[in-house]
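Content type PDB, C-alpha atoms and all ligand atoms, from the file input.pdb:
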ATOM      1  CA  VAL D   1      -6.972 -29.016 -12.397
ATOM      2  CA  GLY D   2      -5.897 -28.041 -15.874
ATOM      3  CA  GLU D   3      -4.808 -24.471 -15.497
ATOM      4  CA  HIS D   4      -1.169 -24.308 -16.276
ATOM      5  CA  GLY D   5      -0.793 -21.318 -18.538
ATOM      6  CA  HIS D   6       1.913 -18.797 -18.828
ATOM      7  CA  GLY D   7      -0.431 -15.882 -18.818
ATOM      8  CA  HIS D   8       1.293 -14.184 -15.953
ATOM      9  CA  ASP D   9       4.909 -13.549 -15.320
ATOM     10  CA  HIS D  10       6.553 -15.655 -12.756
ATOM     11  CA  LEU D  11       8.778 -13.189 -11.008
ATOM     12  CA  ASP D  12      11.972 -14.753  -9.843
ATOM     13  CA  ALA D  13      13.431 -12.058  -7.647
ATOM     14  CA  THR D  14      15.721 -14.293  -5.693
ATOM     15  CA  ASP D  15      18.682 -12.611  -7.376
ATOM     16  CA  GLY D  16      17.306  -9.142  -6.835
ATOM     17  CA  TRP D  17      15.957  -6.438  -9.094
ATOM     18  CA  CYS D  18      17.026  -4.400 -12.088
ATOM     19  CA  CYS D  19      16.783  -0.617 -12.324
ATOM     20  CA  ASP D  20      14.145  -0.864 -15.082
ATOM     21  CA  GLY D  21      11.642  -2.897 -13.087
ATOM     22  CA  ARG D  22      12.621  -6.321 -14.283
ATOM     23  CA  THR D  23      14.201  -8.903 -12.067
ATOM     24  CA  TYR D  24      17.927  -9.439 -12.120
ATOM     25  CA  ALA D  25      17.308 -12.908 -13.534
ATOM     26  CA  GLU D  26      15.199 -11.521 -16.386
ATOM     27  CA  HIS D  27      17.709  -8.893 -17.344
ATOM     28  CA  ALA D  28      20.617 -11.268 -17.054
ATOM     29  CA  SER D  29      18.895 -13.881 -19.204
ATOM     30  CA  GLU D  30      18.182 -11.352 -21.965
ATOM     31  CA  GLY D  31      21.336  -9.305 -22.026
ATOM     32  CA  GLY D  32      23.725 -11.429 -20.079
ATOM     33  CA  HIS D  33      24.560  -8.571 -17.782
ATOM     34  CA  CYS D  34      22.399  -6.596 -15.437
ATOM     35  CA  CYS D  35      23.002  -2.950 -14.631
ATOM     36  CA  GLN D  36      22.411  -3.660 -10.958
ATOM     37  CA  ALA D  37      24.431  -5.757  -8.595
ATOM     38  CA  LYS D  38      23.137  -9.245  -7.937
ATOM     39  CA  GLY D  39      20.858  -9.193  -4.924
ATOM     40  CA  THR D  40      19.737  -5.577  -5.317
ATOM     41  CA  SER D  41      16.597  -5.164  -3.269
ATOM     42  CA  LEU D  42      13.603  -2.989  -4.075
ATOM     43  CA  ASP D  43      14.774  -0.460  -1.524
ATOM     44  CA  ASP D  44      18.067  -0.104  -3.357
ATOM     45  CA  LEU D  45      16.444   0.726  -6.702
ATOM     46  CA  PRO D  46      15.881   4.239  -8.011
ATOM     47  CA  ASP D  47      12.349   5.475  -7.394
ATOM     48  CA  ASP D  48      11.176   4.862 -10.950
ATOM     49  CA  GLY D  49      12.602   1.376 -11.115
ATOM     50  CA  ARG D  50      11.114   0.535  -7.778
ATOM     51  CA  ALA D  51       7.701   1.774  -8.891
ATOM     52  CA  LYS D  52       7.888  -0.416 -12.006
ATOM     53  CA  ALA D  53       8.923  -3.415  -9.975
ATOM     54  CA  GLU D  54       6.144  -2.910  -7.472
ATOM     55  CA  ALA D  55       3.630  -2.605 -10.293
ATOM     56  CA  ARG D  56       4.829  -5.920 -11.712
ATOM     57  CA  ILE D  57       4.589  -7.575  -8.323
ATOM     58  CA  ALA D  58       1.058  -6.278  -7.946
ATOM     59  CA  ALA D  59       0.148  -7.572 -11.396
ATOM     60  CA  ALA D  60       1.617 -10.982 -10.704
ATOM     61  CA  THR D  61      -0.021 -11.315  -7.322
ATOM     62  CA  PRO D  62      -3.584 -12.605  -7.323
ATOM     63  CA  GLU D  63      -5.938 -10.265  -5.581
ATOM     64  CA  GLY D  64      -7.817 -11.415  -2.562
TER      65      GLY D  64
HETATM   66 ZN    ZN Z 101      19.667  -4.554 -15.304
END
Encoded form (structure tokens):
Amino acid sequence: VGEHGHGHDHLDATDGWCCDGRTYAEHASEGGHCCQAKGTSLDDLPDDGRAKAEARIAAATPEG
């Protein structure tokens, strides 16, 4: 099995989510400080951020 690309995001949401649809880990790694508290769940996000996050989850999840 040779498929080992980085074509899709690996979403590491163990630290929670950011208000702009990224994960806490992504935001923290880029800016060093996330606007949301560590461990913020999808339910705690504003509606627009939650929608973005759910879209990213859907895109990263193989259908079937
Ligand atoms: Zn953030």
Name the residues that the PyMOL selection byres (((not hetatm)) within 10 of (chain Z and resi 101)) picks from the file above, as an MDAnalysis selection string, using the file's chain letters and numbers. chainID D and resid 16:28 30:38
Taking the file as shown, find all residues satisfying the PyMOL selection byres (((chain D and resi 11) around 8) and not hetatm) and write them as a VMD selection string. chain D and resid 9 to 10 12 to 13 23 57 60
CA of Thr61 (chain D) to CA of Pro46 (chain D), straight-line distance in Å: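 We find that CA of Pro46 (chain D) and CA of Thr61 (chain D) lie 22.3 Å from each other.
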What does the distance between CA of Arg50 (chain D) and CA of Ser29 (chain D) come to in Å, to one decimal place?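 It comes out at 20.0 Å.
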Can you fill out region 30-41 of chain D with all heavy atoms and hand it back as a short mmCIF file (atom, residue, chain, number, x, y, z; two decimals), keeping the file's coordinate frame?
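Contents of rebuild_10.cif, freshly written:
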data_model
loop_
_atom_site.label_atom_id
_atom_site.label_comp_id
_atom_site.auth_asym_id
_atom_site.auth_seq_id
_atom_site.Cartn_x
_atom_site.Cartn_y
_atom_site.Cartn_z
N GLU D 30 18.37 -12.00 -20.67
CA GLU D 30 18.18 -11.35 -21.96
C GLU D 30 19.47 -10.72 -22.47
O GLU D 30 19.83 -10.84 -23.63
CB GLU D 30 17.11 -10.28 -21.86
CG GLU D 30 15.72 -10.86 -21.67
CD GLU D 30 14.69 -9.76 -21.49
OE1 GLU D 30 15.00 -8.60 -21.76
OE2 GLU D 30 13.57 -10.09 -21.08
N GLY D 31 20.16 -10.03 -21.58
CA GLY D 31 21.34 -9.30 -22.03
C GLY D 31 22.64 -9.88 -21.52
O GLY D 31 23.71 -9.47 -21.96
N GLY D 32 22.53 -10.81 -20.59
CA GLY D 32 23.72 -11.43 -20.08
C GLY D 32 24.42 -10.62 -19.00
O GLY D 32 25.33 -11.10 -18.36
N HIS D 33 23.93 -9.40 -18.80
CA HIS D 33 24.56 -8.57 -17.78
C HIS D 33 23.56 -7.55 -17.29
O HIS D 33 23.01 -6.79 -18.07
CB HIS D 33 25.79 -7.86 -18.36
CG HIS D 33 26.45 -6.96 -17.35
ND1 HIS D 33 27.22 -7.46 -16.33
CD2 HIS D 33 26.43 -5.63 -17.20
CE1 HIS D 33 27.67 -6.43 -15.61
NE2 HIS D 33 27.21 -5.32 -16.11
N CYS D 34 23.35 -7.54 -16.00
CA CYS D 34 22.40 -6.60 -15.44
C CYS D 34 23.13 -5.35 -14.95
O CYS D 34 24.28 -5.41 -14.52
CB CYS D 34 21.63 -7.24 -14.29
SG CYS D 34 20.35 -6.18 -13.59
N CYS D 35 22.42 -4.21 -15.03
CA CYS D 35 23.00 -2.95 -14.63
C CYS D 35 23.10 -2.83 -13.12
O CYS D 35 23.81 -1.98 -12.60
CB CYS D 35 22.18 -1.80 -15.20
SG CYS D 35 20.41 -1.96 -14.90
N GLN D 36 22.38 -3.69 -12.41
CA GLN D 36 22.41 -3.66 -10.96
C GLN D 36 23.21 -4.84 -10.42
O GLN D 36 23.34 -5.87 -11.08
CB GLN D 36 20.98 -3.72 -10.39
CG GLN D 36 20.12 -2.54 -10.79
CD GLN D 36 20.62 -1.24 -10.22
OE1 GLN D 36 20.68 -1.07 -9.01
NE2 GLN D 36 21.02 -0.31 -11.08
N ALA D 37 23.72 -4.67 -9.23
CA ALA D 37 24.43 -5.76 -8.60
C ALA D 37 23.47 -6.88 -8.23
O ALA D 37 22.31 -6.63 -7.94
CB ALA D 37 25.13 -5.26 -7.34
N LYS D 38 23.96 -8.11 -8.30
CA LYS D 38 23.14 -9.24 -7.94
C LYS D 38 22.69 -9.10 -6.49
O LYS D 38 23.49 -8.77 -5.61
CB LYS D 38 23.94 -10.53 -8.11
CG LYS D 38 23.12 -11.79 -7.96
CD LYS D 38 23.98 -12.99 -8.29
CE LYS D 38 23.15 -14.28 -8.25
NZ LYS D 38 23.98 -15.46 -8.61
N GLY D 39 21.39 -9.29 -6.27
CA GLY D 39 20.86 -9.19 -4.92
C GLY D 39 20.35 -7.81 -4.57
O GLY D 39 20.04 -7.55 -3.42
N THR D 40 20.27 -6.92 -5.58
CA THR D 40 19.74 -5.58 -5.32
C THR D 40 18.28 -5.65 -4.91
O THR D 40 17.45 -6.20 -5.63
CB THR D 40 19.87 -4.70 -6.58
OG1 THR D 40 21.24 -4.58 -6.92
CG2 THR D 40 19.29 -3.31 -6.33
N SER D 41 17.97 -5.11 -3.77
CA SER D 41 16.60 -5.16 -3.27
C SER D 41 15.78 -3.99 -3.80
O SER D 41 16.33 -3.03 -4.35
CB SER D 41 16.59 -5.15 -1.75
OG SER D 41 16.98 -3.88 -1.27
#
